[in-house]
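Report on one structure; see the data block that follows.
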Amino acid sequence: MSDPVKPSLVGLTRDGLKKALAGMGVEPKHQSMRANQLWNGLYVQGATDFGAMTTLAKSFRAELDGVFSLQRPQIVTAQVSADGTRKWLIRFAPGIEVETVYIPDEERGTLCISSQVGCTLNCRFCHTGTQKLVRNLTAAEIVWQVMIARDDLREWPRAGRNSEDRQITNVVMMGMGEPLYNFENVRDALAIVSDGEGLSVSKRRITLSTAGVVPMIPKAGEEIGAMLAISLHAARDEVRDVLVPINKKYPIKELLNACRNYPGLSNARRITFEYVMLKGVNDSMADAKELVRVIGGIPAKINLIPFNPWPGAPYKCSEWEQIETFGEFVNRAGYASPIRTPRGRDIMAACGQLKSESVKARASERLAEMRSAELSRMPH
Ligand code: SAH
């Protein structure tokens with residue numbers, strides 16, 4: 001657990017780090033260089049104690065150690081799926097826990113991180129939506145998820161891995177919570193994660209997913225500059241109002257207008273629309289036609305996500321054939337429409353399955369195991 005007395009340096013922007021140094025009495029003329037050295041120690045080396053930051057004078061390291069902590073938060077559980085997907089339950093403070101998921105693939109490794117403990121959105125098909133919002137994560141807590149994954153995947157230079165051989169090539173803000181309801185912390189965290197002299201995951205490889213907090217979308221484009229994903233899931237307001245209740249506040253038309261105006265949008269930088277396939281709800285050919293119609297003119301890719309079940313979920317996944325037919329239609333209309341292979345379902349790590357109330361999570365994991373037999377009969 002992070003030290004309750006000594007604050008961490010993780011999560012501070014470069015400016016914040018300089019201010020922290022100023023607070024320790026470091027002279028202005030030395031602040032930039034010291035901040036750079038610390039930054040390197042934190043985010044290039046992944047140091048967990050000041051002793052390892054050998055570019056700093058020994059006495060200064062001791063001084064830092066007296067004021068700040070480099071301890072990582074506690075990993076409560078670490079699970080590995082049969083398909084190689086990993087999930088960590090991380091505890092930042094008592095009762096403040098989130099899940100982080102790593103999905104290795106042939107040509108990339110994607111880390112899915114959370115922005116809030118719980119969520120306020122109540123999307124009907126999402127497990128996280130059944131957990132009340134506990135609180136926003138701080139910038140440090142968002143960045144720590146990347147650092148903890150790097151620890152566990154032995155990705156720091158001291159583990160001997162060279163930078164060509166990276167495991168975490170992409171980061172998606174698609175874990176628990178709505179990132180645009182925690183704007184400043186997400187912005188600061190992603191600036192740290194994308195810093196080229198640090199964790200160095202380029203913004204082209206970071207995707208921020210939102211259920212559609214329309215007023216924040218232009219700001220996200222300007223101040224965060226990550227790739228944008230929209231949890232669309234329905235092309236008609238009557239349906240989306242039920243699935244993604246924030247639609248009642250910001251209906252499809254307004255949402256798609258914000259997408260059309262997203263800064264930097266081009267064929268090379270498309271918006272990803274996520275579309276969960278729910279049997280008999282949003283998966284008809286009429287739905288596919290309407291989808292193609294409403295997104296007309298937006299450089300876009302549609303990720304078709306087979307619905308991932310969870311205990312008590314009020315929906316079923318569409319038939320595989322239906323998903324394929326739907327996808328073919330969208331594809332013929334000119335939009336890439338990959339069907340996302342469900343990953344990590346056996347450890348409840350797939351899209352929409354995350355939830356962190358430890359007691360309930362364990363109960364639901366047991367149920368998930370019972371259901372995995374049922375799932376394995378589903379055509380993939
Ligand atoms: N609040 C943000 C970030 C969460 S992203 C957002 O809504 O975009 C998580 C993604 O998984 C979203 O696209 C969400 O709609 C999707 N999802 C939620 N529950 C799901 C489920 N049971 N099966 C498949 N996808 C699901």
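Within each chain, counting starts at residue 1; across the structure tokens, chains are named A, B, ... in the order shown, with ligands numbered 1 upward in that order.
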
All residues within 6 Å of ligand 1 are required, counting only C-alpha atoms and all ligand atoms; please report them as a short mmCIF file (atom, residue, chain, number, x, y, z; two decimals) with all heavy atoms, in the first residue's frame.
```cif
data_model
loop_
_atom_site.label_atom_id
_atom_site.label_comp_id
_atom_site.auth_asym_id
_atom_site.auth_seq_id
_atom_site.Cartn_x
_atom_site.Cartn_y
_atom_site.Cartn_z
N PHE A 125 -25.86 -3.04 -19.64
CA PHE A 125 -25.21 -4.31 -20.00
C PHE A 125 -23.83 -4.42 -19.37
O PHE A 125 -23.10 -5.37 -19.62
CB PHE A 125 -25.07 -4.38 -21.54
CG PHE A 125 -24.42 -3.14 -22.08
CD1 PHE A 125 -23.05 -3.07 -22.19
CD2 PHE A 125 -25.19 -2.04 -22.43
CE1 PHE A 125 -22.44 -1.92 -22.63
CE2 PHE A 125 -24.59 -0.88 -22.88
CZ PHE A 125 -23.20 -0.82 -22.97
N CYS A 126 -23.46 -3.43 -18.54
CA CYS A 126 -22.09 -3.37 -18.02
C CYS A 126 -22.04 -3.73 -16.55
O CYS A 126 -22.79 -3.17 -15.74
CB CYS A 126 -21.50 -1.98 -18.26
SG CYS A 126 -19.82 -1.80 -17.64
N MET A 174 -10.29 1.90 -20.98
CA MET A 174 -11.55 1.19 -21.18
C MET A 174 -11.85 0.29 -20.00
O MET A 174 -12.62 -0.66 -20.08
CB MET A 174 -11.48 0.33 -22.45
CG MET A 174 -11.32 1.13 -23.72
SD MET A 174 -11.51 0.09 -25.16
CE MET A 174 -11.15 1.25 -26.47
N GLY A 175 -11.20 0.59 -18.88
CA GLY A 175 -11.48 -0.20 -17.68
C GLY A 175 -12.68 0.39 -16.96
O GLY A 175 -13.65 0.83 -17.58
N MET A 176 -12.60 0.39 -15.64
CA MET A 176 -13.73 0.89 -14.86
C MET A 176 -13.80 2.41 -14.92
O MET A 176 -12.79 3.09 -14.86
CB MET A 176 -13.56 0.44 -13.40
CG MET A 176 -13.52 -1.07 -13.26
SD MET A 176 -12.88 -1.62 -11.68
CE MET A 176 -14.00 -0.81 -10.58
N GLY A 177 -15.03 2.90 -15.01
CA GLY A 177 -15.23 4.35 -14.88
C GLY A 177 -15.36 5.09 -16.20
O GLY A 177 -15.14 4.54 -17.28
N GLU A 178 -15.76 6.34 -16.09
CA GLU A 178 -15.92 7.22 -17.26
C GLU A 178 -14.79 8.25 -17.21
O GLU A 178 -14.83 9.18 -16.39
CB GLU A 178 -17.31 7.89 -17.22
CG GLU A 178 -17.51 9.00 -18.22
CD GLU A 178 -17.11 8.64 -19.66
OE1 GLU A 178 -17.58 7.62 -20.19
OE2 GLU A 178 -16.31 9.40 -20.24
N SER A 209 -11.78 5.96 -24.13
CA SER A 209 -13.14 5.57 -24.48
C SER A 209 -14.14 6.30 -23.59
O SER A 209 -13.98 6.36 -22.38
CB SER A 209 -13.30 4.05 -24.31
OG SER A 209 -14.62 3.67 -24.64
N THR A 210 -15.16 6.86 -24.23
CA THR A 210 -16.19 7.55 -23.45
C THR A 210 -17.58 7.06 -23.86
O THR A 210 -17.81 6.70 -25.02
CB THR A 210 -16.11 9.08 -23.63
OG1 THR A 210 -17.20 9.69 -22.91
CG2 THR A 210 -16.20 9.51 -25.09
N ALA A 211 -18.49 7.08 -22.90
CA ALA A 211 -19.87 6.73 -23.19
C ALA A 211 -20.58 7.92 -23.85
O ALA A 211 -21.73 7.79 -24.28
CB ALA A 211 -20.59 6.33 -21.91
N ILE A 230 -15.81 5.69 -28.87
CA ILE A 230 -17.13 6.05 -28.36
C ILE A 230 -17.92 4.77 -28.14
O ILE A 230 -18.03 3.94 -29.05
CB ILE A 230 -17.91 6.92 -29.39
CG1 ILE A 230 -17.13 8.19 -29.75
CG2 ILE A 230 -19.32 7.24 -28.89
CD1 ILE A 230 -17.13 9.29 -28.72
N SER A 231 -18.46 4.62 -26.94
CA SER A 231 -19.32 3.47 -26.68
C SER A 231 -20.70 3.78 -27.23
O SER A 231 -21.56 4.30 -26.53
CB SER A 231 -19.39 3.21 -25.17
OG SER A 231 -18.13 2.80 -24.72
N GLU A 274 -17.56 1.63 -30.47
CA GLU A 274 -17.74 0.31 -29.87
C GLU A 274 -19.22 -0.03 -29.93
O GLU A 274 -20.08 0.82 -29.64
CB GLU A 274 -17.25 0.33 -28.42
CG GLU A 274 -15.75 0.55 -28.31
CD GLU A 274 -15.37 1.27 -27.04
OE1 GLU A 274 -15.54 2.51 -26.98
OE2 GLU A 274 -14.91 0.60 -26.11
N VAL A 276 -21.64 -3.16 -28.77
CA VAL A 276 -21.80 -4.45 -28.11
C VAL A 276 -22.98 -5.17 -28.74
O VAL A 276 -24.03 -4.57 -28.99
CB VAL A 276 -21.99 -4.25 -26.57
CG1 VAL A 276 -23.25 -3.49 -26.23
CG2 VAL A 276 -21.96 -5.59 -25.84
N ILE A 305 -18.38 -5.87 -30.42
CA ILE A 305 -17.98 -6.60 -29.20
C ILE A 305 -19.06 -7.60 -28.83
O ILE A 305 -20.17 -7.20 -28.45
CB ILE A 305 -17.80 -5.63 -28.00
CG1 ILE A 305 -17.04 -4.36 -28.41
CG2 ILE A 305 -17.12 -6.33 -26.84
CD1 ILE A 305 -16.92 -3.33 -27.29
N PRO A 306 -18.77 -8.90 -28.96
CA PRO A 306 -19.76 -9.87 -28.48
C PRO A 306 -20.00 -9.60 -26.99
O PRO A 306 -19.05 -9.41 -26.24
CB PRO A 306 -19.05 -11.21 -28.69
CG PRO A 306 -18.00 -10.94 -29.73
CD PRO A 306 -17.57 -9.52 -29.51
N PHE A 307 -21.25 -9.54 -26.62
CA PHE A 307 -21.60 -9.24 -25.24
C PHE A 307 -20.95 -10.24 -24.28
O PHE A 307 -21.06 -11.45 -24.47
CB PHE A 307 -23.13 -9.29 -25.08
CG PHE A 307 -23.58 -9.21 -23.65
CD1 PHE A 307 -23.38 -8.07 -22.89
CD2 PHE A 307 -24.19 -10.31 -23.03
CE1 PHE A 307 -23.78 -8.00 -21.57
CE2 PHE A 307 -24.60 -10.26 -21.71
CZ PHE A 307 -24.39 -9.10 -20.98
N ASN A 308 -20.28 -9.72 -23.29
CA ASN A 308 -19.67 -10.58 -22.27
C ASN A 308 -20.63 -10.70 -21.09
O ASN A 308 -20.98 -9.69 -20.49
CB ASN A 308 -18.34 -10.00 -21.80
CG ASN A 308 -17.30 -10.04 -22.90
OD1 ASN A 308 -17.05 -11.09 -23.48
ND2 ASN A 308 -16.73 -8.90 -23.22
N PRO A 309 -21.03 -11.91 -20.78
CA PRO A 309 -22.03 -12.08 -19.72
C PRO A 309 -21.43 -11.89 -18.33
O PRO A 309 -20.22 -12.00 -18.14
CB PRO A 309 -22.48 -13.52 -19.89
CG PRO A 309 -21.37 -14.20 -20.60
CD PRO A 309 -20.62 -13.18 -21.38
N CYS A 351 -14.32 -7.05 -21.61
CA CYS A 351 -15.02 -5.76 -21.61
C CYS A 351 -16.29 -5.85 -20.78
O CYS A 351 -17.10 -6.75 -20.97
CB CYS A 351 -15.48 -5.37 -23.01
SG CYS A 351 -14.20 -5.12 -24.20
N GLY A 352 -16.46 -4.91 -19.89
CA GLY A 352 -17.71 -4.81 -19.17
C GLY A 352 -17.85 -5.78 -18.02
O GLY A 352 -18.87 -5.80 -17.34
N GLN A 353 -16.82 -6.57 -17.75
CA GLN A 353 -16.93 -7.54 -16.65
C GLN A 353 -16.24 -7.07 -15.38
O GLN A 353 -16.30 -7.73 -14.36
CB GLN A 353 -16.34 -8.90 -17.07
CG GLN A 353 -17.15 -9.58 -18.17
CD GLN A 353 -16.62 -10.96 -18.48
OE1 GLN A 353 -15.43 -11.17 -18.62
NE2 GLN A 353 -17.52 -11.94 -18.58
#
```

For Pro215 in chain A, find every residue with an atom within 12 Å (counting only C-alpha atoms), except residues of its own chain fewer than 4 positions away, and show them as a VMD selection string.
chain A and resid 180 to 181 183 210 219 to 221 249 to 251 254 to 259 261 to 262

I'd like the neighbourhood of Glu99 in chain A as a list in words, where a residue qualifies if any of its atoms comes within 9 Å (using only C-alpha atoms), though same-chain residues fewer than 2 positions away should be ignored.
Lys87, Trp88, Leu89, Ile90, Glu97, Val101, Cys112, Ile113, Ser114, Val117, Gln145, Gly175, Met176, Ala349, Leu354, Lys355 and Ser356 of chain A

Write out as an mmCIF file with all heavy atoms, in the first residue's frame the residues lying within 12 Å of Met53 in chain A, counting only C-alpha atoms and excluding same-chain residues fewer than 5 positions away.
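Saved to out_11.cif:
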```cif
data_model
loop_
_atom_site.group_PDB
_atom_site.id
_atom_site.type_symbol
_atom_site.label_atom_id
_atom_site.label_comp_id
_atom_site.auth_asym_id
_atom_site.auth_seq_id
_atom_site.Cartn_x
_atom_site.Cartn_y
_atom_site.Cartn_z
ATOM 1 N N ARG A 34 17.215 18.339 -11.822
ATOM 2 C CA ARG A 34 16.824 17.349 -10.803
ATOM 3 C C ARG A 34 15.487 16.684 -11.182
ATOM 4 O O ARG A 34 15.323 15.484 -11.031
ATOM 5 C CB ARG A 34 16.699 18.005 -9.425
ATOM 6 C CG ARG A 34 17.974 18.527 -8.837
ATOM 7 C CD ARG A 34 18.858 17.419 -8.283
ATOM 8 N NE ARG A 34 20.146 17.959 -7.865
ATOM 9 C CZ ARG A 34 21.245 17.957 -8.636
ATOM 10 N NH1 ARG A 34 21.213 17.418 -9.846
ATOM 11 N NH2 ARG A 34 22.380 18.487 -8.212
ATOM 12 N N ASN A 36 14.323 16.254 -14.136
ATOM 13 C CA ASN A 36 14.561 15.310 -15.237
ATOM 14 C C ASN A 36 15.174 14.013 -14.740
ATOM 15 O O ASN A 36 14.827 12.928 -15.207
ATOM 16 C CB ASN A 36 15.486 15.931 -16.294
ATOM 17 C CG ASN A 36 14.763 16.985 -17.107
ATOM 18 O OD1 ASN A 36 13.518 17.030 -17.111
ATOM 19 N ND2 ASN A 36 15.507 17.854 -17.779
ATOM 20 N N GLN A 37 16.099 14.131 -13.790
ATOM 21 C CA GLN A 37 16.730 12.924 -13.249
ATOM 22 C C GLN A 37 15.711 12.055 -12.519
ATOM 23 O O GLN A 37 15.692 10.835 -12.664
ATOM 24 C CB GLN A 37 17.880 13.305 -12.305
ATOM 25 C CG GLN A 37 19.089 13.842 -13.073
ATOM 26 C CD GLN A 37 20.095 14.515 -12.150
ATOM 27 O OE1 GLN A 37 19.729 15.169 -11.164
ATOM 28 N NE2 GLN A 37 21.379 14.362 -12.459
ATOM 29 N N LEU A 38 14.867 12.733 -11.747
ATOM 30 C CA LEU A 38 13.828 11.988 -11.030
ATOM 31 C C LEU A 38 12.860 11.326 -12.007
ATOM 32 O O LEU A 38 12.466 10.180 -11.844
ATOM 33 C CB LEU A 38 13.031 12.946 -10.135
ATOM 34 C CG LEU A 38 13.584 13.176 -8.734
ATOM 35 C CD1 LEU A 38 12.760 14.259 -8.043
ATOM 36 C CD2 LEU A 38 13.525 11.884 -7.918
ATOM 37 N N TRP A 39 12.485 12.084 -13.020
ATOM 38 C CA TRP A 39 11.551 11.583 -14.037
ATOM 39 C C TRP A 39 12.113 10.302 -14.669
ATOM 40 O O TRP A 39 11.415 9.303 -14.828
ATOM 41 C CB TRP A 39 11.350 12.660 -15.108
ATOM 42 C CG TRP A 39 10.214 12.414 -16.038
ATOM 43 C CD1 TRP A 39 10.271 11.725 -17.215
ATOM 44 C CD2 TRP A 39 8.865 12.853 -15.891
ATOM 45 N NE1 TRP A 39 9.027 11.708 -17.816
ATOM 46 C CE2 TRP A 39 8.148 12.398 -17.022
ATOM 47 C CE3 TRP A 39 8.191 13.606 -14.921
ATOM 48 C CZ2 TRP A 39 6.794 12.662 -17.206
ATOM 49 C CZ3 TRP A 39 6.846 13.871 -15.097
ATOM 50 C CH2 TRP A 39 6.151 13.395 -16.227
ATOM 51 N N ASN A 40 13.380 10.358 -14.993
ATOM 52 C CA ASN A 40 14.034 9.196 -15.576
ATOM 53 C C ASN A 40 14.013 8.015 -14.596
ATOM 54 O O ASN A 40 13.703 6.886 -14.974
ATOM 55 C CB ASN A 40 15.482 9.573 -15.956
ATOM 56 C CG ASN A 40 16.181 8.432 -16.654
ATOM 57 O OD1 ASN A 40 16.649 7.490 -16.021
ATOM 58 N ND2 ASN A 40 16.234 8.500 -17.981
ATOM 59 N N GLY A 41 14.311 8.307 -13.355
ATOM 60 C CA GLY A 41 14.306 7.237 -12.345
ATOM 61 C C GLY A 41 12.920 6.629 -12.186
ATOM 62 O O GLY A 41 12.762 5.409 -12.106
ATOM 63 N N LEU A 42 11.921 7.493 -12.163
ATOM 64 C CA LEU A 42 10.548 7.019 -11.953
ATOM 65 C C LEU A 42 10.038 6.239 -13.155
ATOM 66 O O LEU A 42 9.496 5.140 -13.011
ATOM 67 C CB LEU A 42 9.599 8.222 -11.747
ATOM 68 C CG LEU A 42 9.692 8.999 -10.443
ATOM 69 C CD1 LEU A 42 8.878 10.289 -10.557
ATOM 70 C CD2 LEU A 42 9.184 8.150 -9.298
ATOM 71 N N TYR A 43 10.186 6.831 -14.350
ATOM 72 C CA TYR A 43 9.435 6.319 -15.501
ATOM 73 C C TYR A 43 10.276 5.592 -16.548
ATOM 74 O O TYR A 43 9.724 4.901 -17.391
ATOM 75 C CB TYR A 43 8.650 7.456 -16.158
ATOM 76 C CG TYR A 43 7.680 8.109 -15.190
ATOM 77 C CD1 TYR A 43 7.760 9.460 -14.892
ATOM 78 C CD2 TYR A 43 6.705 7.342 -14.554
ATOM 79 C CE1 TYR A 43 6.871 10.050 -14.001
ATOM 80 C CE2 TYR A 43 5.825 7.919 -13.656
ATOM 81 C CZ TYR A 43 5.910 9.273 -13.383
ATOM 82 O OH TYR A 43 5.036 9.842 -12.499
ATOM 83 N N VAL A 44 11.600 5.785 -16.539
ATOM 84 C CA VAL A 44 12.425 4.990 -17.447
ATOM 85 C C VAL A 44 12.951 3.768 -16.692
ATOM 86 O O VAL A 44 12.866 2.649 -17.170
ATOM 87 C CB VAL A 44 13.590 5.813 -18.057
ATOM 88 C CG1 VAL A 44 14.475 4.928 -18.929
ATOM 89 C CG2 VAL A 44 13.030 6.973 -18.890
ATOM 90 N N GLN A 45 13.460 4.025 -15.482
ATOM 91 C CA GLN A 45 14.012 2.909 -14.696
ATOM 92 C C GLN A 45 12.925 2.146 -13.931
ATOM 93 O O GLN A 45 13.107 0.990 -13.582
ATOM 94 C CB GLN A 45 15.052 3.421 -13.681
ATOM 95 C CG GLN A 45 16.136 4.326 -14.281
ATOM 96 C CD GLN A 45 16.891 3.622 -15.405
ATOM 97 O OE1 GLN A 45 17.082 2.421 -15.374
ATOM 98 N NE2 GLN A 45 17.283 4.388 -16.427
ATOM 99 N N GLY A 46 11.863 2.835 -13.592
ATOM 100 C CA GLY A 46 10.827 2.193 -12.772
ATOM 101 C C GLY A 46 11.285 1.963 -11.342
ATOM 102 O O GLY A 46 10.844 1.018 -10.678
ATOM 103 N N ALA A 47 12.149 2.854 -10.864
ATOM 104 C CA ALA A 47 12.735 2.664 -9.527
ATOM 105 C C ALA A 47 11.671 2.600 -8.435
ATOM 106 O O ALA A 47 10.679 3.330 -8.480
ATOM 107 C CB ALA A 47 13.697 3.812 -9.232
ATOM 108 N N THR A 48 11.892 1.730 -7.483
ATOM 109 C CA THR A 48 10.977 1.660 -6.337
ATOM 110 C C THR A 48 11.673 2.092 -5.043
ATOM 111 O O THR A 48 11.086 2.052 -3.981
ATOM 112 C CB THR A 48 10.401 0.243 -6.153
ATOM 113 O OG1 THR A 48 11.473 -0.688 -6.174
ATOM 114 C CG2 THR A 48 9.417 -0.103 -7.263
ATOM 115 N N LYS A 58 24.141 10.942 -3.251
ATOM 116 C CA LYS A 58 23.666 10.069 -2.182
ATOM 117 C C LYS A 58 22.907 10.853 -1.098
ATOM 118 O O LYS A 58 21.845 10.425 -0.641
ATOM 119 C CB LYS A 58 24.863 9.357 -1.551
ATOM 120 C CG LYS A 58 24.532 7.954 -1.127
ATOM 121 C CD LYS A 58 25.790 7.193 -0.776
ATOM 122 C CE LYS A 58 25.408 5.794 -0.319
ATOM 123 N NZ LYS A 58 26.566 5.016 0.098
ATOM 124 N N SER A 59 23.448 11.990 -0.754
ATOM 125 C CA SER A 59 22.814 12.768 0.322
ATOM 126 C C SER A 59 21.432 13.264 -0.119
ATOM 127 O O SER A 59 20.483 13.295 0.660
ATOM 128 C CB SER A 59 23.699 13.954 0.703
ATOM 129 O OG SER A 59 23.923 14.748 -0.452
ATOM 130 N N PHE A 60 21.343 13.611 -1.392
ATOM 131 C CA PHE A 60 20.057 14.090 -1.915
ATOM 132 C C PHE A 60 19.037 12.953 -1.972
ATOM 133 O O PHE A 60 17.862 13.131 -1.658
ATOM 134 C CB PHE A 60 20.262 14.715 -3.307
ATOM 135 C CG PHE A 60 19.014 15.353 -3.868
ATOM 136 C CD1 PHE A 60 18.294 16.288 -3.122
ATOM 137 C CD2 PHE A 60 18.564 15.033 -5.134
ATOM 138 C CE1 PHE A 60 17.136 16.867 -3.635
ATOM 139 C CE2 PHE A 60 17.407 15.613 -5.654
ATOM 140 C CZ PHE A 60 16.699 16.526 -4.902
ATOM 141 N N ARG A 61 19.522 11.758 -2.319
ATOM 142 C CA ARG A 61 18.631 10.594 -2.324
ATOM 143 C C ARG A 61 18.063 10.344 -0.940
ATOM 144 O O ARG A 61 16.873 10.070 -0.781
ATOM 145 C CB ARG A 61 19.402 9.348 -2.784
ATOM 146 C CG ARG A 61 19.577 9.282 -4.277
ATOM 147 C CD ARG A 61 20.242 7.980 -4.653
ATOM 148 N NE ARG A 61 21.651 8.167 -4.933
ATOM 149 C CZ ARG A 61 22.570 7.209 -4.843
ATOM 150 N NH1 ARG A 61 22.248 5.994 -4.445
ATOM 151 N NH2 ARG A 61 23.824 7.462 -5.158
ATOM 152 N N ALA A 62 18.920 10.472 0.057
ATOM 153 C CA ALA A 62 18.477 10.252 1.440
ATOM 154 C C ALA A 62 17.454 11.315 1.836
ATOM 155 O O ALA A 62 16.446 11.029 2.496
ATOM 156 C CB ALA A 62 19.675 10.280 2.383
ATOM 157 N N LEU A 64 15.448 12.928 -0.196
ATOM 158 C CA LEU A 64 14.185 12.606 -0.884
ATOM 159 C C LEU A 64 13.440 11.494 -0.144
ATOM 160 O O LEU A 64 12.218 11.557 0.054
ATOM 161 C CB LEU A 64 14.465 12.143 -2.318
ATOM 162 C CG LEU A 64 14.802 13.227 -3.332
ATOM 163 C CD1 LEU A 64 15.459 12.610 -4.574
ATOM 164 C CD2 LEU A 64 13.543 13.995 -3.742
ATOM 165 N N ASP A 65 14.207 10.511 0.268
ATOM 166 C CA ASP A 65 13.621 9.366 0.945
ATOM 167 C C ASP A 65 12.936 9.770 2.256
ATOM 168 O O ASP A 65 11.970 9.131 2.688
ATOM 169 C CB ASP A 65 14.713 8.327 1.210
ATOM 170 C CG ASP A 65 14.110 6.997 1.608
ATOM 171 O OD1 ASP A 65 13.076 6.620 1.014
ATOM 172 O OD2 ASP A 65 14.659 6.351 2.518
ATOM 173 N N LEU A 70 8.410 5.918 -2.796
ATOM 174 C CA LEU A 70 8.345 5.362 -4.162
ATOM 175 C C LEU A 70 7.633 4.016 -4.161
ATOM 176 O O LEU A 70 7.678 3.275 -5.143
ATOM 177 C CB LEU A 70 9.752 5.175 -4.730
ATOM 178 C CG LEU A 70 10.520 6.432 -5.090
ATOM 179 C CD1 LEU A 70 11.865 6.069 -5.711
ATOM 180 C CD2 LEU A 70 9.738 7.308 -6.066
#
```
